[in-house]
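Text of the file upload.cif, holding mmCIF, C-alpha atoms and all ligand atoms:
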```
data_input
#
loop_
_atom_site.label_atom_id
_atom_site.label_comp_id
_atom_site.auth_asym_id
_atom_site.auth_seq_id
_atom_site.Cartn_x
_atom_site.Cartn_y
_atom_site.Cartn_z
CA MET A 1 -7.86 67.94 9.98
CA LEU A 2 -10.76 66.43 11.90
CA ASN A 3 -9.81 64.11 14.70
CA LEU A 4 -12.33 61.34 14.14
CA ALA A 5 -10.69 59.06 16.66
CA SER A 6 -11.18 61.21 19.72
CA LEU A 7 -14.69 60.09 20.63
CA CYS A 8 -13.49 56.51 20.24
CA PHE A 9 -10.38 57.14 22.35
CA PRO A 10 -11.01 60.18 24.55
CA ASP A 11 -8.14 59.57 27.00
CA ARG A 12 -5.90 56.85 28.41
CA GLU A 13 -8.46 55.67 30.95
CA LYS A 14 -11.26 54.56 28.68
CA SER A 15 -12.30 53.86 25.11
CA CYS A 16 -15.47 53.15 23.23
CA PHE A 17 -16.07 49.68 21.83
CA PHE A 18 -19.78 49.96 21.07
CA CYS A 19 -19.61 49.51 17.31
CA CYS A 20 -17.08 46.71 17.03
CA PRO A 21 -18.80 46.10 13.77
CA PRO A 22 -19.86 42.53 13.26
CA ILE A 23 -20.10 41.38 16.83
CA ARG A 24 -23.09 43.24 18.13
CA GLU A 25 -26.75 42.29 18.12
CA PRO A 26 -28.83 45.38 17.27
CA GLU A 27 -30.10 45.83 20.82
CA ALA A 28 -26.92 44.80 22.65
CA ASP A 29 -25.24 47.35 24.90
CA PRO A 30 -21.75 47.35 26.48
CA LEU A 31 -23.32 47.47 29.95
CA ASP A 32 -25.00 44.10 29.41
CA ASP A 33 -23.10 41.49 31.45
CA VAL A 34 -20.01 43.55 32.27
CA LYS A 35 -18.54 40.72 34.33
CA GLY A 36 -18.87 38.14 31.54
CA ARG A 37 -17.57 40.50 28.88
CA SER A 38 -14.62 41.50 31.05
CA GLU A 39 -13.58 37.87 31.32
CA ILE A 40 -13.82 37.46 27.53
CA PHE A 41 -11.77 40.62 26.95
CA ARG A 42 -9.17 39.36 29.45
CA GLN A 43 -8.94 35.97 27.74
CA ASN A 44 -8.73 37.49 24.28
CA ARG A 45 -5.80 39.64 25.40
CA ARG A 46 -4.11 36.72 27.13
CA HIS A 47 -4.49 34.30 24.21
CA LEU A 48 -3.80 36.73 21.38
CA GLN A 49 -0.58 35.11 20.19
CA GLY A 50 -2.20 31.66 20.11
CA ASN A 51 -5.19 33.04 18.24
CA LEU A 52 -2.91 34.74 15.73
CA ALA A 53 -1.17 31.42 15.12
CA HIS A 54 -4.54 29.80 14.42
CA PRO A 55 -6.81 32.58 13.18
CA ARG A 56 -10.45 31.86 12.46
CA GLU A 57 -13.30 33.74 10.92
CA ILE A 58 -15.66 35.20 13.47
CA PRO A 59 -19.31 34.16 13.68
CA GLY A 60 -20.93 37.60 13.83
CA THR A 61 -21.72 37.76 17.52
CA SER A 62 -18.25 37.65 19.06
CA CYS A 63 -14.68 38.38 18.05
CA TRP A 64 -11.44 37.02 19.44
CA GLY A 65 -9.76 40.29 18.46
CA LEU A 66 -11.73 42.42 20.92
CA GLY A 67 -10.02 42.72 24.28
CA PHE A 68 -8.45 44.86 26.95
CA LEU A 69 -5.72 46.99 25.42
CA ASP A 70 -3.72 47.52 28.61
CA ASP A 71 -2.67 45.51 31.63
CA ARG A 72 -4.77 47.67 33.93
CA GLU A 73 -7.85 46.60 31.92
CA GLN A 74 -9.06 50.12 31.35
CA GLN A 75 -9.29 50.50 27.59
CA VAL A 76 -11.16 48.03 25.41
CA GLY A 77 -10.59 47.81 21.68
CA CYS A 78 -9.35 45.89 18.69
CA LEU A 79 -6.18 43.93 19.39
CA LEU A 80 -5.77 43.43 15.63
CA HIS A 81 -5.79 47.12 14.70
CA PRO A 82 -2.61 48.48 13.07
CA LEU A 83 -2.11 50.90 15.99
CA GLN A 84 -1.81 47.92 18.32
CA ASN A 85 0.59 46.06 16.06
CA GLU A 86 3.26 48.53 14.96
CA GLY A 87 1.37 49.30 11.78
CA ARG A 88 0.49 45.75 10.81
CA GLU A 89 -3.14 45.31 9.77
CA LEU A 90 -4.44 42.04 11.22
CA ARG A 91 -8.17 42.55 11.09
CA HIS A 92 -8.44 40.60 7.84
CA LEU A 93 -7.82 37.46 9.92
CA THR A 94 -11.39 37.64 11.19
CA GLY A 95 -12.88 37.96 7.72
CA TYR A 96 -14.39 41.37 8.45
CA GLN A 97 -11.50 43.73 7.77
CA PHE A 98 -13.39 46.00 5.35
CA LYS A 99 -16.36 46.39 7.64
CA CYS A 100 -14.18 46.88 10.72
CA ALA A 101 -12.03 49.52 9.04
CA ASN A 102 -14.93 51.53 7.68
CA ALA A 103 -17.38 51.66 10.55
CA LEU A 104 -17.82 55.09 12.09
CA CYS A 105 -20.93 55.84 14.10
CA ARG A 106 -23.07 58.93 13.66
CA GLU A 107 -22.08 60.18 17.11
CA ALA A 108 -18.38 60.11 16.19
CA ARG A 109 -19.08 62.03 12.98
CA VAL A 110 -21.02 64.69 14.89
CA PHE A 111 -18.29 64.91 17.53
CA ALA A 112 -15.65 65.41 14.84
CA GLU A 113 -17.52 68.47 13.55
CA LEU A 114 -17.48 70.26 16.93
CA ASN A 115 -14.96 72.94 17.79
CA GLN A 116 -12.37 72.32 20.49
CA ASP A 117 -14.40 74.04 23.23
CA GLU A 118 -17.44 71.96 22.44
CA LYS A 119 -15.39 68.77 22.35
CA SER A 120 -13.92 69.57 25.75
CA PHE A 121 -17.39 70.23 27.14
CA CYS A 122 -18.51 66.82 25.88
CA LEU A 123 -15.54 64.86 27.17
CA ASN A 124 -15.59 66.61 30.56
CA LEU A 125 -19.02 65.08 31.11
CA CYS A 126 -17.41 61.64 30.97
CA ARG A 127 -14.59 62.14 33.46
CA GLY A 128 -14.25 59.08 35.68
CA MET A 129 -16.34 56.77 33.51
CA ASP A 130 -15.01 53.31 32.69
CA SER A 131 -14.99 51.95 29.14
CA PHE A 132 -18.25 50.03 29.59
CA THR A 133 -20.22 53.02 30.86
CA TYR A 134 -18.59 55.31 28.32
CA SER A 135 -19.39 53.00 25.39
CA SER A 136 -22.99 52.46 26.42
CA ARG A 137 -25.63 54.29 24.43
CA SER A 138 -27.17 55.18 27.79
CA ASN A 139 -24.13 57.46 28.30
CA PRO A 140 -25.69 60.95 28.35
CA LEU A 141 -22.97 62.23 26.02
CA MET A 142 -23.91 59.68 23.36
CA ARG A 143 -27.53 60.66 23.81
CA LEU A 144 -26.69 64.31 23.31
CA LEU A 145 -24.59 63.65 20.21
CA ALA A 146 -27.57 61.90 18.62
CA TRP A 147 -29.12 65.39 18.39
CA GLU A 148 -26.50 66.51 15.84
CA LYS A 149 -23.92 69.28 15.84
CA GLU A 150 -26.12 72.37 16.03
CA MET A 151 -27.93 71.22 19.17
CA VAL A 152 -24.70 70.07 20.83
CA ALA A 153 -23.23 73.52 20.17
CA LEU A 154 -26.30 75.24 21.65
CA VAL A 155 -26.13 73.06 24.76
CA ALA A 156 -22.37 73.58 25.19
CA ALA A 157 -22.86 77.35 24.95
CA GLU A 158 -25.81 77.46 27.34
CA ALA A 159 -24.10 75.23 29.87
CA LYS A 160 -21.52 77.96 30.56
CA THR A 161 -24.13 80.28 32.04
CA GLY A 162 -27.22 78.07 32.46
CA PRO A 163 -28.73 76.75 35.70
CA ARG A 164 -26.09 75.69 38.27
CA ALA A 165 -23.33 76.33 35.75
CA GLY A 166 -20.57 76.31 38.38
CA ALA A 167 -21.72 73.23 40.32
CA GLY A 168 -19.22 70.44 40.96
CA ASN A 169 -20.85 67.34 39.49
CA LYS A 170 -21.00 68.32 35.85
CA LEU A 171 -22.70 65.14 34.68
CA ALA A 172 -25.49 65.42 37.28
CA VAL A 173 -26.12 69.07 36.37
CA PHE A 174 -26.03 68.18 32.70
CA ILE A 175 -28.67 65.47 33.13
CA GLU A 176 -30.81 67.79 35.26
CA ASN A 177 -30.70 70.57 32.67
CA TYR A 178 -30.63 68.70 29.39
CA GLY A 179 -31.91 65.20 30.17
CA PHE A 180 -35.35 66.19 28.86
CA LEU A 181 -33.87 66.01 25.36
CA TRP A 182 -33.91 62.21 25.53
CA GLN A 183 -36.30 61.64 28.45
CA GLU A 184 -39.19 63.72 27.09
CA LEU A 185 -38.24 64.52 23.51
CA ASP A 186 -36.98 62.26 20.74
CA PHE A 187 -34.14 63.34 18.48
CA ARG A 188 -35.64 61.55 15.51
CA LEU A 189 -38.96 63.38 15.80
CA ASP A 190 -38.01 66.61 17.54
CA GLY A 191 -34.47 67.21 16.31
CA TYR A 192 -35.34 69.74 13.64
CA LEU A 193 -38.05 71.67 15.49
CA ALA A 194 -36.36 71.77 18.90
CA THR A 195 -33.04 72.91 17.41
CA ARG A 196 -34.73 75.70 15.44
CA ILE A 197 -36.66 76.81 18.54
CA ALA A 198 -33.59 76.77 20.79
CA GLY A 199 -31.62 78.65 18.13
CA ARG A 200 -34.24 81.40 17.79
CA LYS A 201 -35.49 81.76 21.33
CA GLY A 202 -32.69 80.35 23.46
CA PHE A 203 -32.30 77.09 25.27
CA GLY A 204 -34.16 78.29 28.37
CA PHE A 205 -37.23 78.86 26.19
CA LEU A 206 -37.02 75.35 24.79
CA ARG A 207 -36.67 73.90 28.28
CA ARG A 208 -39.72 75.79 29.56
CA HIS A 209 -41.89 74.95 26.55
CA ARG A 210 -40.82 71.37 25.89
CA ALA A 211 -44.30 69.91 26.42
CA ALA A 212 -45.66 72.40 23.89
CA VAL A 213 -42.93 71.35 21.46
CA VAL A 214 -44.31 67.80 21.54
CA ARG A 215 -47.78 69.15 20.72
CA LEU A 216 -46.33 71.26 17.91
CA ARG A 217 -44.52 68.23 16.50
CA ASN A 218 -47.64 66.05 16.66
CA GLY A 219 -49.66 68.74 14.89
CA ILE A 220 -47.10 69.02 12.11
CA ILE A 221 -46.97 65.24 11.75
CA ALA A 222 -50.76 65.12 11.41
CA THR A 223 -50.58 67.73 8.64
CA LEU A 224 -47.76 66.03 6.77
CA GLU A 225 -49.16 62.51 6.94
CA ASN A 226 -51.80 63.20 4.30
CA TYR A 227 -50.51 66.33 2.64
CA ARG A 228 -50.52 66.22 -1.17
CA PHE A 229 -47.42 67.93 -2.50
CA ALA A 230 -47.25 69.30 -6.02
CA GLY A 231 -45.91 66.66 -8.41
CA GLU A 232 -46.90 63.71 -6.23
CA GLU A 233 -49.41 62.29 -8.68
CA GLY A 234 -46.89 61.26 -11.34
CA GLY A 235 -45.15 58.66 -9.15
CA ASN A 236 -41.78 58.55 -10.90
CA ASN A 237 -40.97 61.99 -9.48
CA MET A 238 -40.68 60.58 -5.98
CA ARG A 239 -37.35 60.67 -4.12
CA PRO A 240 -36.23 59.25 -0.75
CA CYS A 241 -36.62 62.04 1.82
CA HIS A 242 -32.98 61.88 2.92
CA THR A 243 -31.91 62.82 -0.63
CA LEU A 244 -34.00 66.02 -0.71
CA ALA A 245 -32.33 69.39 -0.09
CA ILE A 246 -33.46 69.50 3.54
CA PRO A 247 -31.63 68.92 6.84
CA LEU A 248 -31.19 65.33 7.97
CA SER A 249 -33.20 66.08 11.11
CA LEU A 250 -36.19 67.17 9.03
CA SER A 251 -36.00 64.06 6.87
CA ARG A 252 -36.15 62.03 10.09
CA LEU A 253 -39.34 63.82 11.16
CA LEU A 254 -40.86 63.05 7.76
CA LYS A 255 -39.88 59.38 7.87
CA PHE A 256 -40.26 58.36 11.50
CA GLY A 257 -43.03 60.82 12.39
CA ALA A 258 -45.21 61.22 9.33
CA GLY A 259 -44.31 57.93 7.64
CA ARG A 260 -43.34 59.84 4.48
CA TRP A 261 -40.29 57.99 3.19
CA GLU A 262 -40.50 59.52 -0.29
CA LEU A 263 -41.61 62.93 -1.52
CA PRO A 264 -41.65 64.51 -4.99
CA LYS A 265 -38.49 66.11 -6.24
CA GLY A 266 -38.68 69.89 -5.85
CA CYS A 267 -41.13 69.86 -2.92
CA GLU A 268 -38.64 71.48 -0.55
CA GLY A 269 -40.07 75.01 -0.84
CA GLN A 270 -43.61 73.84 -0.15
CA LEU A 271 -42.45 71.71 2.75
CA MET A 272 -40.36 74.44 4.35
CA ALA A 273 -43.24 76.92 4.04
CA ILE A 274 -45.48 74.59 6.08
CA ILE A 275 -42.84 73.99 8.74
CA GLU A 276 -41.66 77.59 8.99
CA ASN A 277 -45.19 78.89 9.24
CA ARG A 278 -45.91 76.61 12.22
CA LEU A 279 -42.56 77.33 13.82
CA ALA A 280 -43.01 81.09 13.57
CA GLY A 281 -46.48 80.84 15.08
CA PHE A 282 -45.12 78.74 17.94
CA CYS A 283 -42.21 81.06 18.72
CA ASP A 284 -44.50 84.09 18.73
CA GLN A 285 -47.23 82.60 20.90
CA ALA A 286 -45.65 80.09 23.27
S1 LIG A 301 -19.32 53.40 18.36
FE1 LIG A 301 -18.60 55.34 17.49
S2 LIG A 301 -17.44 56.30 19.14
FE2 LIG A 301 -17.65 54.13 19.64
S3 LIG A 301 -15.80 53.15 18.81
FE3 LIG A 301 -17.40 53.01 17.26
S4 LIG A 301 -17.10 54.81 15.94
FE4 LIG A 301 -15.99 55.18 17.85
S1 LIG A 302 -11.46 42.54 14.13
FE1 LIG A 302 -11.27 44.20 15.58
S2 LIG A 302 -12.65 45.82 14.85
FE2 LIG A 302 -13.20 43.90 13.83
S3 LIG A 302 -14.84 43.02 15.11
FE3 LIG A 302 -12.89 42.14 15.79
S4 LIG A 302 -12.25 43.45 17.46
FE4 LIG A 302 -13.79 44.57 16.32
#
```

Would you give me this structure, written as structure tokens?
Ligand code: SF4
Ligand code: SF4
Amino acid sequence: MLNLASLCFPDREKSCFFCCPPIREPEADPLDDVKGRSEIFRQNRRHLQGNLAHPREIPGTSCWGLGFLDDREQQVGCLLHPLQNEGRELRHLTGYQFKCANALCREARVFAELNQDEKSFCLNLCRGMDSFTYSSRSNPLMRLLAWEKEMVALVAAEAKTGPRAGAGNKLAVFIENYGFLWQELDFRLDGYLATRIAGRKGFGFLRRHRAAVVRLRNGIIATLENYRFAGEEGGNNMRPCHTLAIPLSLSRLLKFGAGRWELPKGCEGQLMAIIENRLAGFCDQA
């Protein structure tokens, strides 16, 4: 069975609280105002019994149920979760129980699909982090997981023998070797192409040719922006790209790169021929 909780609770020293569903503005990050948030988490833990006696619905930007889970103030999480209350579900007291119980971020889903070696590689990068740093989406692990399972597996495999593989500070080496994935590339635009290239030619090849990958991506976007696929004229044949039989990463390139949010049903073959043709040319010539 997949352990979906392990990215949320990697060990006893930290936890992730990034999603705490209703309480986060879209751009908010756990590293914003650590001091102020710490005081709120402390108070919420301290006043839990009083709050339970007089529960109130939460406004959408804060929650009295979110607090430090331990006296040492290391883990942050939901004080109303059944695991904190001998099986009793108390999240309904905030009015958001359904949303709270069903939220699972994309990164946690990707993490759950990794094998044990890959999971260990990921979590070893975060040794010594506190819950705020760990939860932040500036955490390099969260940035890597945004690239989806196949890329994470390629990175975890390369890291065993790649540049400075045996060096002490694993996080620093990781950022040095793989930071270009989020500093110079963009998982939404480059996820499909970069993963295919790394898979075919090796990660070292991708690292060396990353600037050329951006040019390749921009060229493909320019082609796709105005491309007329068979069956497009009818209109009622159009389907959202994420429902086509193509990888999620390719649907992201179509949407966020080429602005193609819908394409005709059955266009997959035509689309893949365009992409594969360009990819093959790139891998042969770069
Ligand atoms: S943001 Fe993701 S990893 Fe963090 S607690 Fe929520 S589901 Fe878990
Ligand atoms: S009830 Fe728990 S899970 Fe829901 S927002 Fe509050 S702290 Fe988060």

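One distance worth recording is that between CA of Gly259 in chain A and CA of Gly219 in chain A, which is 14.1 Å.
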
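Residues lying within 12 Å of Arg46 in chain A, counting all atoms listed in the file and ignoring same-chain neighbours fewer than 2 positions away, are Glu39, Ile40, Phe41, Arg42, Gln43, Asn44, Leu48, Gln49, Gly50, Asn51, Leu52, Trp64, Gly65, Leu66, Gly67, Phe68, Leu69, Asp70, Asp71, Glu73 and Leu79 of chain A.
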
Using only C-alpha atoms and all ligand atoms, what does the table of chain A residues within 7 Å of ligand LIG 302 (chain A) look like, with each row giving the shortest atom pair and its distance in Å to one decimal, sorted by chain and ascending number, as CSV?
```
residue,atom,partner,partner_atom,distance
A:Cys20,CA,A:LIG302,FE4,4.0
A:Pro21,CA,A:LIG302,S3,5.2
A:Pro22,CA,A:LIG302,S3,5.4
A:Ile23,CA,A:LIG302,S3,5.8
A:Cys63,CA,A:LIG302,FE3,4.7
A:Trp64,CA,A:LIG302,FE3,6.5
A:Gly65,CA,A:LIG302,S4,4.1
A:Leu66,CA,A:LIG302,S4,3.6
A:Gly77,CA,A:LIG302,S4,6.3
A:Cys78,CA,A:LIG302,S4,4.0
A:Leu79,CA,A:LIG302,FE1,6.4
A:Leu80,CA,A:LIG302,FE1,5.6
A:His81,CA,A:LIG302,FE1,6.3
A:Arg91,CA,A:LIG302,S1,4.5
A:Thr94,CA,A:LIG302,S1,5.7
A:Tyr96,CA,A:LIG302,FE2,6.1
A:Gln97,CA,A:LIG302,FE2,6.3
A:Cys100,CA,A:LIG302,FE2,4.4
A:Ala101,CA,A:LIG302,S2,6.9
```

**OP:** Write as an MDAnalysis selection string the residues around ligand LIG 301 (chain A), taking 9 Å as the cut-off and counting only C-alpha atoms and all ligand atoms.
**Re:** chainID A and resid 4:9 15:21 77 103:109 111 134:137 142

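CA of Thr195 in chain A sits 17.5 Å away from CA of Leu271 in chain A.
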